[in-house]
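As structure tokens, the structure follows; a few thoughts come after it.
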2 protein chains.
Amino acid sequence: MLIYDLGKRGQTPLYEYLYECIREDILRGVLQAGEKLPSKRAMAKDHGIALITVENAYAQLMIEGYVTAKEKSGYFVNANVARLNGWAGVEAAEERAKQSKTAREMPPDRNLSQAVISKEKAGDDWLVDFSSSRLKRDAFPFATWTKLMRRVLDDREEAFLEKPESRGVPELREAIAKYLRKAKGLDVTADRIFVGPGTEYLHHLILQLVGSNRIVAVEDPGYKKVGQIYESHGLKCLHVPVDENGLIVDRLWNSNAKLVHLSPSHHFPTGCVMPIGRRRALLDWARTQGAYLLEDDYDSEFRFDGKPVPTLASLDDETVIYLNTFTKTLAPSIRIAYMVLPERLKEQYEEKLSFYSGSVSSFEQYTLAAFIGEGYYERHVNRMRNYYRQQRMKILNALEESPLGSMVSVEEHSAGLHFILRVNAIRDDDAWLKALEKKRIRLQSVASYSYGGQNRYRHQFVIYYSDLEENNLREAFEIMAETMQ
Amino acid sequence: MLIYDLGKRGQTPLYEYLYECIREDILRGVLQAGEKLPSKRAMAKDHGIALITVENAYAQLMIEGYVTAKEKSGYFVNANVARLNGWAGVEAAEERAKQSKTAREMPPDRNLSQAVISKEKAGDDWLVDFSSSRLKRDAFPFATWTKLMRRVLDDREEAFLEKPESRGVPELREAIAKYLRKAKGLDVTADRIFVGPGTEYLHHLILQLVGSNRIVAVEDPGYKKVGQIYESHGLKCLHVPVDENGLIVDRLWNSNAKLVHLSPSHHFPTGCVMPIGRRRALLDWARTQGAYLLEDDYDSEFRFDGKPVPTLASLDDETVIYLNTFTKTLAPSIRIAYMVLPERLKEQYEEKLSFYSGSVSSFEQYTLAAFIGEGYYERHVNRMRNYYRQQRMKILNALEESPLGSMVSVEEHSAGLHFILRVNAIRDDDAWLKALEKKRIRLQSVASYSYGGQNRYRHQFVIYYSDLEENNLREAFEIMAETMQ
């Protein structure tokens, strides 16, 4: 009988503590590969807890690849879960040990990985292109998507002649609201949700609501396109530096900024998560100044340690505009993004901007509504999360086994589709990048995402791994090690 | 033998003159219903002209419903073409007799009309809603569209994972370029074409190119949404009055406007066409001032007198931005519009705005590319043009037969999906509209589209007829006559 002392859980939710206990036992080898877990009912009874609590814990273990459910026989520890040996040369990763533990301890499921590996080359003519955030070719749930599309074609003929509502068709907004409640704990009504053909379009709308002769603060380093959008609208961009806890709030005082764009759950590109203290300070500042915070939750679907970071929007629904897209999780050709507006901005939209026509094909909106509403989206995201975890571990393994492994450290690899490679041994970053380019290896520096912090981000490079081809990795890492000397 | 003196044609192209001669003979009864036209070869030989010239003239007659081709037997004058009796009370229409002649002389093909008439009510709870520009429910080429969509689904799987090009997929831009060349005589390369999810989005882009702290001139009366978009971007709108030749160019001098939005081929809502003299004056002004003209060709597909008005863009490809949409011709749920940028703005886009992601689903872009490329679009537009012509004549017939007929005049009904009803007998326009609203009849005044010309546009009302239900028209016209007294 597997009994855990649930009294020790402190503030941790019951299901999460149970999940952690079981995961620990798997990783320490107390639970062996192939071993059967107690049934959910037995587990609930033995601990005197609700069945749903056990179900949630087991579900999390399944999502993360620790256990597999076999029909009518129960839950079994996966054969391929074992402790990954310590990582040589990791510096900052050590500091964040707890956060990234799962990531480093999960070796790849090679069978699964190989099944999903694209047959094509990663870059135009690159040996390896570490700067490509392209999604996996085989990753798109093509069969399901076309099935739903065909159904919409058959069932929703009248939808073709309907003028789509400015903010998006109700079915899709309802489906998104439900998903946000379930997956992010964000409790919003569908009338606060606004759909557009990409986050860029939603930025256009936000600027029209917030006022276009304002100062907008963006993270430095950060997602450069956001700054480009704002400047292209004639706005002044304030580049606010980021430390290990995210955007430095003190720099906002006296800035007159009326809008702050940030990704608190997974800062791009450093990957840091803004802790609750910093979040509170940021919200205090925004409330005092009457400013809006624009939370760009661009890749939060892919957090690997199993505990989704709560959104900033869930802390304050009057100050935070929440923004997300389906481009990263589904396919770049599907141009659907959405935002959740605070009540006050929602009303402003209705008053000032509802004359705009809908901007996304109704047909694809209905298809996506069905895809989310019938649970396909959540399953797809879970599958992709598993895949990216495997993919990341595969890269990390190859790196560790290569001569480069002992010369670098890896940071912030517990979420998203990239991690940071720190290479302290290089003298000149740009010279190294140029040398690599000659050898057909493309790599982007963190500094290239920064306006004022070029020095602070020396020796740091972004490694996108969503679509890397395994075959060339070994060679690439060898070249990277050689060029360094 | 049917012989025309083609020497009299002056500047008119051969095929067009031939077409005019035959049409005149049909309308005057020289060619009777059911009569067979000479074969194309005979016609060409008799006149000593090329076969293609005759083919073009016959094609135009077919498109406009004057003749029908019967397989292997030839071309026959349609049974339902006859001269419509003079229109009582028409004032301004008389002045524009030539332009609108065809329109008034073509009675409806009742069989065709009835087949396309929607079974549903026009408005929410309106007896008749004359303000609805909604398209016909049965008008969308659903079978063809879904056939192409399914093919794209099957053939273009890889397109899902492609990031769509910022300006639109090449296939669609090529298809549009070809269509513009053929249908509008507009000779542009595909690289000057930019696709977006509606004209509103394209306005966003244009403003970013032209500069957002500029003065923009719009037509008064005009399409109010355009002014709303500009003002929502913080721009100052100059409302330039329109006379019977369109926008009054003199008012632009000393205006400092750097962009002028207009619809020279079919002004909204008055319906007037800008003649060549005014066009030249406008272009002169724009060139002198370094301003851009934004030609909104929103419903020029539906010109009923068979001679498409040449675009302003075809006169000057350095000064004119051409803008059009598929929403009016296909379906409001298909969010695809496009613009043709002058070379200089195209280069500016590439330099400053190409960081924007594509904004239209690739999937629908490929479907539309096939729809245009395989000739379906042109056929669909021709069919719809015929349908709207019938629909308009049905409305005009019902109006003439009603007590209202002798109390009003009809203006500008040779193009687009609306005409203007002039009702000089009313004393108070607003009071009449309110009285009608109580009787569940919705009507919009031309004045409501004007900023400064409320008095000038007294007694003029916009009649949209694209989706009117025939059954209630008689009753509505009776009520309109009664409420007037």
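Here, A, B, ... name the chains of the structure tokens in the order displayed, residue numbers run from 1 inside each chain, and ligands are numbered from 1 in the same displayed order.
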
Who sits within 7 Å of stretch 293-298 of chain B, only C-alpha atoms, same chain under 6 positions skipped, as a short mmCIF file (atom, residue, chain, number, x, y, z; two decimals) with C-alpha atoms, in the first residue's frame:
```cif
data_model
loop_
_atom_site.label_atom_id
_atom_site.label_comp_id
_atom_site.auth_asym_id
_atom_site.auth_seq_id
_atom_site.Cartn_x
_atom_site.Cartn_y
_atom_site.Cartn_z
CA LEU B 259 -4.50 61.20 -48.28
CA VAL B 260 -7.91 61.37 -49.95
CA HIS B 261 -10.36 58.50 -49.66
CA LEU B 262 -12.89 58.30 -52.47
CA SER B 263 -14.97 55.95 -54.64
CA PRO B 264 -14.77 57.54 -58.09
CA SER B 265 -16.47 54.68 -59.94
CA LEU B 312 -8.47 55.90 -61.24
CA THR B 319 -0.42 58.43 -56.85
CA VAL B 320 -3.36 56.06 -56.48
CA ILE B 321 -3.76 53.28 -53.93
CA TYR B 322 -6.40 50.88 -55.18
CA LEU B 323 -8.59 49.11 -52.60
CA ASN B 324 -11.20 46.38 -53.06
CA THR B 325 -12.79 43.52 -51.15
#
```

For the contact check between chain A and chain B, emit one row per residue of chain A within 7 Å, containing the shortest atom pair and the distance in Å rounded to one decimal, counting only C-alpha atoms, chain then rising number order, as CSV.
```
residue,atom,partner,partner_atom,distance
A:Arg137,CA,B:Leu161,CA,6.1
A:Thr146,CA,B:Leu153,CA,6.9
A:Leu153,CA,B:Thr146,CA,6.9
A:Phe160,CA,B:Ser333,CA,5.2
A:Leu161,CA,B:Ala331,CA,5.5
A:Glu162,CA,B:Ser333,CA,6.0
A:Lys163,CA,B:Pro332,CA,5.0
A:Pro164,CA,B:Ser333,CA,5.9
A:Pro197,CA,B:Ser359,CA,5.5
A:Gly198,CA,B:Ser359,CA,6.6
A:Gln208,CA,B:Ser232,CA,6.1
A:Ser232,CA,B:Gln208,CA,6.1
A:His233,CA,B:Gln208,CA,6.2
A:Ala331,CA,B:Leu161,CA,5.5
A:Pro332,CA,B:Lys163,CA,5.0
A:Ser333,CA,B:Phe160,CA,5.2
A:Ile334,CA,B:Ser361,CA,5.4
A:Arg335,CA,B:Ser361,CA,5.4
A:Ser359,CA,B:Pro197,CA,5.5
A:Val360,CA,B:Arg335,CA,6.2
A:Ser361,CA,B:Ile334,CA,5.4
A:Ser362,CA,B:Ser333,CA,5.4
```

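Separating atom CA of B:Gln460 from atom CA of B:Phe304 is a distance of 21.9 Å.
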
Name all residues at most 6 Å from A:Leu421 (count only C-alpha atoms; drop same-chain ones fewer than 6 positions away) and give them as number ranges by chain. A: 409-410, 460-461

Filtered DSSP result for stretch 206-311 of chain A, state strand (DSSP E or B), as a ChimeraX atom specification: /A:215-220,236-243,246-247,257-262,292-296,303

Quick one: residues within 12 Å of B:Lys434, only C-alpha atoms, excluding same-chain residues fewer than 4 positions away - as a PyMOL selection string? chain B and resi 428-430+438-445+480+483-484

Out of stretch 246-338 of chain A, which residues get alpha helix (DSSP H) from DSSP, as a ChimeraX atom specification? /A:276-289

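Near stretch 44-52 of chain B, within a cut-off of 9 Å and counting only C-alpha atoms, sit the residues Met1, Leu2, Ile3, Tyr4, Asp5, Leu6, Leu14, Tyr15, Ser39 and Ala57 of chain B, with same-chain residues fewer than 5 positions away left out.
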
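The space between atom CA of B:Met407 and atom CA of B:Trp432 spans 14.2 Å.
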
Of B:Ser131, B:Ile276, B:Ala291, B:Arg389, the one sitting nearest B:Val446 when using only C-alpha atoms is B:Ser131

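Summary of the local environment: counting only C-alpha atoms, residues at most 10 Å from A:Ile372, other than itself and those fewer than 4 positions away along its chain, are Leu172, Glu174, Ala175, Ile176, Lys178, Tyr179, Tyr366, Thr367, Leu368, Tyr376, Tyr377, Glu378, Arg379 and His380 of chain A.
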
For the residues selected in the previous step, produce a file with C-alpha atoms as an mmCIF file, in the first residue's frame.
```
data_model
loop_
_atom_site.group_PDB
_atom_site.id
_atom_site.type_symbol
_atom_site.label_atom_id
_atom_site.label_comp_id
_atom_site.auth_asym_id
_atom_site.auth_seq_id
_atom_site.Cartn_x
_atom_site.Cartn_y
_atom_site.Cartn_z
ATOM 1 C CA LEU A 172 -15.655 30.661 -30.186
ATOM 2 C CA GLU A 174 -17.624 30.884 -25.191
ATOM 3 C CA ALA A 175 -15.221 28.040 -25.914
ATOM 4 C CA ILE A 176 -12.224 30.242 -25.123
ATOM 5 C CA LYS A 178 -14.408 27.851 -20.801
ATOM 6 C CA TYR A 179 -10.877 26.876 -21.700
ATOM 7 C CA TYR A 366 -16.529 27.777 -35.938
ATOM 8 C CA THR A 367 -13.948 25.090 -36.641
ATOM 9 C CA LEU A 368 -11.766 26.302 -33.781
ATOM 10 C CA TYR A 376 -9.363 18.366 -28.903
ATOM 11 C CA TYR A 377 -7.428 21.505 -28.139
ATOM 12 C CA GLU A 378 -6.538 20.524 -24.598
ATOM 13 C CA ARG A 379 -5.471 17.072 -25.743
ATOM 14 C CA HIS A 380 -3.423 18.558 -28.544
#
```

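The spacing separating atom CA of B:Gln32 from atom CA of B:Phe76 amounts to 9.3 Å.
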
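Omitting A:Leu37 and its sequence neighbours fewer than 6 positions away, and counting only C-alpha atoms, the residues within 8 Å are Gly74, Tyr75, Phe76 and Val77 of chain A.
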